[in-house]
>>> print(open('model.txt').read())   # compact mmCIF, C-alpha atoms
# COMPACT_ATOMS: atom_id res chain seq x y z
CA GLN A 1 -13.44 35.87 -17.69
CA VAL A 2 -9.76 36.50 -17.11
CA GLN A 3 -7.85 39.43 -18.54
CA LEU A 4 -4.09 39.25 -19.00
CA VAL A 5 -1.90 42.28 -19.60
CA GLU A 6 1.76 41.80 -20.48
CA SER A 7 4.55 44.32 -20.15
CA GLY A 8 8.32 44.48 -20.18
CA GLY A 9 9.19 43.74 -23.78
CA GLY A 10 11.64 45.81 -25.75
CA LEU A 11 14.94 45.87 -27.58
CA VAL A 12 18.03 44.47 -25.93
CA GLN A 13 21.52 43.55 -27.07
CA ALA A 14 22.54 39.91 -27.24
CA GLY A 15 23.66 38.80 -23.82
CA GLY A 16 21.35 41.23 -22.10
CA SER A 17 18.32 40.69 -19.89
CA LEU A 18 14.65 41.54 -19.83
CA ARG A 19 11.85 40.79 -17.40
CA LEU A 20 8.36 40.26 -18.71
CA SER A 21 5.32 40.65 -16.49
CA CYS A 22 1.78 39.39 -16.94
CA ALA A 23 -0.91 40.74 -14.65
CA ALA A 24 -4.17 38.84 -14.36
CA SER A 25 -7.52 40.31 -13.42
CA GLY A 26 -11.12 39.20 -13.44
CA SER A 27 -12.02 35.65 -12.41
CA ILE A 28 -8.55 34.95 -11.06
CA PHE A 29 -9.90 32.36 -8.62
CA SER A 30 -10.34 30.04 -11.59
CA ILE A 31 -6.68 30.22 -12.68
CA ASN A 32 -4.35 27.30 -12.10
CA ALA A 33 -1.31 27.08 -14.40
CA MET A 34 0.16 30.11 -16.13
CA GLY A 35 3.01 30.54 -18.52
CA TRP A 36 4.53 31.99 -21.63
CA TYR A 37 4.62 31.12 -25.29
CA ARG A 38 6.50 32.92 -28.02
CA GLN A 39 6.05 33.30 -31.74
CA ALA A 40 8.69 34.47 -34.15
CA PRO A 41 7.74 35.74 -37.63
CA GLY A 42 6.75 32.89 -39.91
CA LYS A 43 6.98 30.32 -37.14
CA GLN A 44 4.55 28.50 -34.90
CA ARG A 45 3.78 29.66 -31.40
CA ARG A 46 5.93 27.62 -29.03
CA LEU A 47 5.86 27.03 -25.33
CA VAL A 48 8.59 28.80 -23.35
CA ALA A 49 7.81 28.15 -19.69
CA THR A 50 4.97 27.16 -17.38
CA ILE A 51 4.31 27.47 -13.69
CA GLY A 52 1.66 25.61 -11.77
CA SER A 53 -0.48 26.98 -8.98
CA GLY A 54 1.86 25.29 -6.52
CA GLY A 55 4.96 26.73 -8.11
CA SER A 56 6.17 23.78 -10.17
CA THR A 57 7.91 24.92 -13.35
CA ASN A 58 8.76 23.61 -16.79
CA TYR A 59 10.90 25.12 -19.50
CA ALA A 60 11.59 24.61 -23.15
CA ASP A 61 15.03 23.11 -23.66
CA SER A 62 16.10 26.18 -25.61
CA VAL A 63 15.69 28.47 -22.57
CA LYS A 64 16.69 26.22 -19.68
CA GLY A 65 19.34 27.84 -17.54
CA ARG A 66 18.69 31.28 -19.01
CA PHE A 67 15.01 32.01 -18.32
CA THR A 68 13.20 31.85 -15.00
CA ILE A 69 9.44 31.89 -14.54
CA SER A 70 7.96 32.98 -11.25
CA ARG A 71 4.60 33.85 -9.85
CA ASP A 72 3.35 36.30 -7.24
CA ASN A 73 -0.10 35.08 -6.28
CA ALA A 74 -0.71 38.12 -4.07
CA LYS A 75 -0.28 40.36 -7.12
CA ASN A 76 -1.86 37.89 -9.56
CA THR A 77 1.21 38.32 -11.70
CA VAL A 78 3.57 35.93 -13.46
CA TYR A 79 7.06 36.95 -14.48
CA LEU A 80 9.58 35.73 -17.01
CA GLN A 81 13.16 36.73 -16.25
CA MET A 82 15.19 36.34 -19.41
CA ASN A 83 18.97 36.41 -19.17
CA SER A 84 21.73 35.83 -21.70
CA LEU A 85 19.34 36.69 -24.50
CA LYS A 86 20.17 35.49 -28.00
CA PRO A 87 18.96 36.77 -31.37
CA GLU A 88 16.89 33.59 -31.72
CA ASP A 89 14.91 34.58 -28.61
CA ALA A 90 13.37 37.48 -30.54
CA ALA A 91 9.63 36.98 -30.83
CA VAL A 92 6.27 38.14 -29.60
CA TYR A 93 5.81 36.68 -26.13
CA TYR A 94 2.32 35.71 -25.04
CA CYS A 95 1.19 35.08 -21.51
CA TYR A 96 -1.50 32.49 -20.91
CA ALA A 97 -3.61 31.31 -18.01
CA ASP A 98 -5.34 27.98 -17.71
CA SER A 99 -8.57 27.86 -15.78
CA SER A 100 -11.37 25.45 -15.04
CA GLY A 101 -12.79 26.70 -18.33
CA PRO A 102 -10.93 28.05 -21.34
CA ARG A 103 -7.30 29.07 -21.76
CA TYR A 104 -6.85 32.81 -21.69
CA TRP A 105 -4.23 34.77 -23.63
CA GLY A 106 -2.62 38.14 -23.30
CA GLN A 107 -2.14 40.48 -26.23
CA GLY A 108 1.57 39.78 -26.56
CA THR A 109 4.70 41.80 -25.98
CA GLN A 110 7.52 42.16 -28.49
CA VAL A 111 11.06 41.15 -27.62
CA ALA A 112 13.82 42.13 -30.04
CA VAL A 113 17.45 41.08 -29.62
CA SER A 114 20.22 42.77 -31.56
CA SER A 115 23.39 40.89 -32.34
>>> encode(input="model.txt", output="structure tokens")
Amino acid sequence: QVQLVESGGGLVQAGGSLRLSCAASGSIFSINAMGWYRQAPGKQRRLVATIGSGGSTNYADSVKGRFTISRDNAKNTVYLQMNSLKPEDAAVYYCYADSSGPRYWGQGTQVAVSS
């Protein structure tokens, strides 16, 4: 089992920045890729960014150039630095971890962006 705990969400003005964190615990040896999804009210959960165990990254087109995903393996933590935030970035952000078994999810952290 892997437990994921997110933090760092909140309310920010458009153009501002936030950094989300996701700390993993438990059977962390089984984790390979990690990343973030987001879900706005009434919309499907969508992939935001991923990072592989070796550090390779992928981003949704909508966040390229503004968001950066990183990973500190010593701390078992993945980060999402979000800059130049837009109102359309507002959502609940969910961290996930892929393992040799199931995909694990965090509880979500709310990001609100005021215009």
>>> atom_distance(input="model.txt", atom1="atom CA of A:Tyr79", atom2="atom CA of A:Ser100")
21.7 Å
>>> atom_distance(input="model.txt", atom1="atom CA of A:Gly8", atom2="atom CA of A:Cys22")
8.9 Å
>>> closest_residue(input="model.txt", among="A:Gly26, A:Gly15, A:Gly35, A:Gly54", to="A:Tyr93", atoms="all atoms listed in the file")
A:Gly35
>>> atom_distance(input="model.txt", atom1="atom CA of A:Lys86", atom2="atom CA of A:Ser114")
8.1 Å
>>> closest_residue(input="model.txt", among="A:Asn58, A:Gln39, A:Ser53, A:Ser27", to="A:Gly101", atoms="all atoms listed in the file")
A:Ser27
>>> closest_residue(input="model.txt", among="A:Met82, A:Thr77, A:Trp36, A:Gln110", to="A:Gln3", atoms="all atoms listed in the file")
A:Thr77
>>> closest_residue(input="model.txt", among="A:Leu4, A:Val111, A:Gly42, A:Gly9", to="A:Cys95", atoms="all atoms listed in the file")
A:Leu4
>>> residues_around(input="model.txt", residues="A:Ser7", least_positions_apart="4", cutoff="8 Å", atoms="all atoms listed in the file", output="JSON, numbers by chain")
{"A": [20, 21, 22, 109]}
>>> decode(input="model.txt", residues="stretch 97-110 of chain A", atoms="all heavy atoms", output="PDB file, in the first residue's frame")
ATOM      1  N   ALA A  97       0.331   7.885  -7.937  1.00  0.00           N
ATOM      2  CA  ALA A  97       1.570   7.121  -8.017  1.00  0.00           C
ATOM      3  C   ALA A  97       1.274   5.787  -8.671  1.00  0.00           C
ATOM      4  O   ALA A  97       0.341   5.092  -8.248  1.00  0.00           O
ATOM      5  CB  ALA A  97       2.175   6.918  -6.637  1.00  0.00           C
ATOM      6  N   ASP A  98       2.032   5.467  -9.673  1.00  0.00           N
ATOM      7  CA  ASP A  98       1.918   4.165 -10.326  1.00  0.00           C
ATOM      8  C   ASP A  98       2.938   3.221  -9.709  1.00  0.00           C
ATOM      9  O   ASP A  98       4.077   3.599  -9.442  1.00  0.00           O
ATOM     10  CB  ASP A  98       2.179   4.284 -11.822  1.00  0.00           C
ATOM     11  CG  ASP A  98       0.982   4.816 -12.571  1.00  0.00           C
ATOM     12  OD1 ASP A  98      -0.142   4.653 -12.063  1.00  0.00           O
ATOM     13  OD2 ASP A  98       1.172   5.394 -13.649  1.00  0.00           O
ATOM     14  N   SER A  99       2.487   1.996  -9.507  1.00  0.00           N
ATOM     15  CA  SER A  99       3.346   0.992  -8.901  1.00  0.00           C
ATOM     16  C   SER A  99       3.297  -0.274  -9.740  1.00  0.00           C
ATOM     17  O   SER A  99       2.647  -0.313 -10.781  1.00  0.00           O
ATOM     18  CB  SER A  99       2.877   0.708  -7.479  1.00  0.00           C
ATOM     19  OG  SER A  99       1.651   0.003  -7.508  1.00  0.00           O
ATOM     20  N   SER A 100       3.953  -1.295  -9.235  1.00  0.00           N
ATOM     21  CA  SER A 100       3.885  -2.598  -9.898  1.00  0.00           C
ATOM     22  C   SER A 100       2.490  -3.190  -9.744  1.00  0.00           C
ATOM     23  O   SER A 100       2.114  -4.118 -10.442  1.00  0.00           O
ATOM     24  CB  SER A 100       4.920  -3.540  -9.295  1.00  0.00           C
ATOM     25  OG  SER A 100       4.776  -3.601  -7.898  1.00  0.00           O
ATOM     26  N   GLY A 101       1.697  -2.631  -8.861  1.00  0.00           N
ATOM     27  CA  GLY A 101       0.324  -3.063  -8.675  1.00  0.00           C
ATOM     28  C   GLY A 101      -0.637  -1.986  -9.124  1.00  0.00           C
ATOM     29  O   GLY A 101      -0.626  -1.548 -10.258  1.00  0.00           O
ATOM     30  N   PRO A 102      -1.489  -1.516  -8.215  1.00  0.00           N
ATOM     31  CA  PRO A 102      -2.489  -0.530  -8.609  1.00  0.00           C
ATOM     32  C   PRO A 102      -1.930   0.900  -8.689  1.00  0.00           C
ATOM     33  O   PRO A 102      -0.805   1.159  -8.271  1.00  0.00           O
ATOM     34  CB  PRO A 102      -3.512  -0.619  -7.467  1.00  0.00           C
ATOM     35  CG  PRO A 102      -2.695  -1.000  -6.279  1.00  0.00           C
ATOM     36  CD  PRO A 102      -1.646  -1.944  -6.813  1.00  0.00           C
ATOM     37  N   ARG A 103      -2.750   1.795  -9.215  1.00  0.00           N
ATOM     38  CA  ARG A 103      -2.459   3.230  -9.163  1.00  0.00           C
ATOM     39  C   ARG A 103      -3.034   3.744  -7.847  1.00  0.00           C
ATOM     40  O   ARG A 103      -4.173   3.454  -7.507  1.00  0.00           O
ATOM     41  CB  ARG A 103      -3.081   3.957 -10.351  1.00  0.00           C
ATOM     42  CG  ARG A 103      -3.042   5.481 -10.231  1.00  0.00           C
ATOM     43  CD  ARG A 103      -3.440   6.159 -11.524  1.00  0.00           C
ATOM     44  NE  ARG A 103      -2.370   6.109 -12.504  1.00  0.00           N
ATOM     45  CZ  ARG A 103      -2.416   6.734 -13.685  1.00  0.00           C
ATOM     46  NH1 ARG A 103      -3.472   7.443 -14.006  1.00  0.00           N
ATOM     47  NH2 ARG A 103      -1.411   6.632 -14.519  1.00  0.00           N
ATOM     48  N   TYR A 104      -2.240   4.551  -7.177  1.00  0.00           N
ATOM     49  CA  TYR A 104      -2.681   5.140  -5.926  1.00  0.00           C
ATOM     50  C   TYR A 104      -2.991   6.626  -6.124  1.00  0.00           C
ATOM     51  O   TYR A 104      -2.345   7.294  -6.940  1.00  0.00           O
ATOM     52  CB  TYR A 104      -1.607   4.985  -4.844  1.00  0.00           C
ATOM     53  CG  TYR A 104      -1.338   3.551  -4.483  1.00  0.00           C
ATOM     54  CD1 TYR A 104      -0.309   2.837  -5.092  1.00  0.00           C
ATOM     55  CD2 TYR A 104      -2.125   2.891  -3.538  1.00  0.00           C
ATOM     56  CE1 TYR A 104      -0.063   1.507  -4.771  1.00  0.00           C
ATOM     57  CE2 TYR A 104      -1.889   1.570  -3.210  1.00  0.00           C
ATOM     58  CZ  TYR A 104      -0.862   0.885  -3.826  1.00  0.00           C
ATOM     59  OH  TYR A 104      -0.625  -0.431  -3.499  1.00  0.00           O
ATOM     60  N   TRP A 105      -3.951   7.120  -5.334  1.00  0.00           N
ATOM     61  CA  TRP A 105      -4.382   8.511  -5.442  1.00  0.00           C
ATOM     62  C   TRP A 105      -4.313   9.202  -4.090  1.00  0.00           C
ATOM     63  O   TRP A 105      -4.577   8.580  -3.058  1.00  0.00           O
ATOM     64  CB  TRP A 105      -5.819   8.594  -5.947  1.00  0.00           C
ATOM     65  CG  TRP A 105      -5.996   8.135  -7.356  1.00  0.00           C
ATOM     66  CD1 TRP A 105      -6.338   6.885  -7.776  1.00  0.00           C
ATOM     67  CD2 TRP A 105      -5.833   8.926  -8.534  1.00  0.00           C
ATOM     68  NE1 TRP A 105      -6.404   6.845  -9.145  1.00  0.00           N
ATOM     69  CE2 TRP A 105      -6.100   8.089  -9.640  1.00  0.00           C
ATOM     70  CE3 TRP A 105      -5.498  10.254  -8.772  1.00  0.00           C
ATOM     71  CZ2 TRP A 105      -6.042   8.540 -10.969  1.00  0.00           C
ATOM     72  CZ3 TRP A 105      -5.439  10.710 -10.080  1.00  0.00           C
ATOM     73  CH2 TRP A 105      -5.708   9.859 -11.164  1.00  0.00           C
ATOM     74  N   GLY A 106      -4.005  10.482  -4.133  1.00  0.00           N
ATOM     75  CA  GLY A 106      -4.134  11.309  -2.959  1.00  0.00           C
ATOM     76  C   GLY A 106      -5.569  11.780  -2.805  1.00  0.00           C
ATOM     77  O   GLY A 106      -6.429  11.507  -3.647  1.00  0.00           O
ATOM     78  N   GLN A 107      -5.804  12.548  -1.751  1.00  0.00           N
ATOM     79  CA  GLN A 107      -7.168  12.979  -1.441  1.00  0.00           C
ATOM     80  C   GLN A 107      -7.568  14.230  -2.204  1.00  0.00           C
ATOM     81  O   GLN A 107      -8.741  14.587  -2.233  1.00  0.00           O
ATOM     82  CB  GLN A 107      -7.302  13.228   0.067  1.00  0.00           C
ATOM     83  CG  GLN A 107      -6.769  14.570   0.556  1.00  0.00           C
ATOM     84  CD  GLN A 107      -5.262  14.639   0.627  1.00  0.00           C
ATOM     85  OE1 GLN A 107      -4.557  13.665   0.358  1.00  0.00           O
ATOM     86  NE2 GLN A 107      -4.734  15.800   1.011  1.00  0.00           N
ATOM     87  N   GLY A 108      -6.583  14.894  -2.795  1.00  0.00           N
ATOM     88  CA  GLY A 108      -6.871  16.101  -3.571  1.00  0.00           C
ATOM     89  C   GLY A 108      -6.613  17.367  -2.772  1.00  0.00           C
ATOM     90  O   GLY A 108      -6.781  17.392  -1.552  1.00  0.00           O
ATOM     91  N   THR A 109      -6.220  18.395  -3.478  1.00  0.00           N
ATOM     92  CA  THR A 109      -6.032  19.708  -2.870  1.00  0.00           C
ATOM     93  C   THR A 109      -6.623  20.752  -3.799  1.00  0.00           C
ATOM     94  O   THR A 109      -6.433  20.702  -5.016  1.00  0.00           O
ATOM     95  CB  THR A 109      -4.539  19.990  -2.571  1.00  0.00           C
ATOM     96  OG1 THR A 109      -4.414  21.218  -1.852  1.00  0.00           O
ATOM     97  CG2 THR A 109      -3.693  20.060  -3.827  1.00  0.00           C
ATOM     98  N   GLN A 110      -7.364  21.687  -3.216  1.00  0.00           N
ATOM     99  CA  GLN A 110      -8.112  22.666  -4.005  1.00  0.00           C
ATOM    100  C   GLN A 110      -7.228  23.833  -4.412  1.00  0.00           C
ATOM    101  O   GLN A 110      -6.492  24.391  -3.584  1.00  0.00           O
ATOM    102  CB  GLN A 110      -9.287  23.199  -3.181  1.00  0.00           C
ATOM    103  CG  GLN A 110     -10.150  24.208  -3.901  1.00  0.00           C
ATOM    104  CD  GLN A 110     -11.109  23.571  -4.883  1.00  0.00           C
ATOM    105  OE1 GLN A 110     -11.819  22.633  -4.528  1.00  0.00           O
ATOM    106  NE2 GLN A 110     -11.125  24.057  -6.104  1.00  0.00           N
TER     107      GLN A 110
END
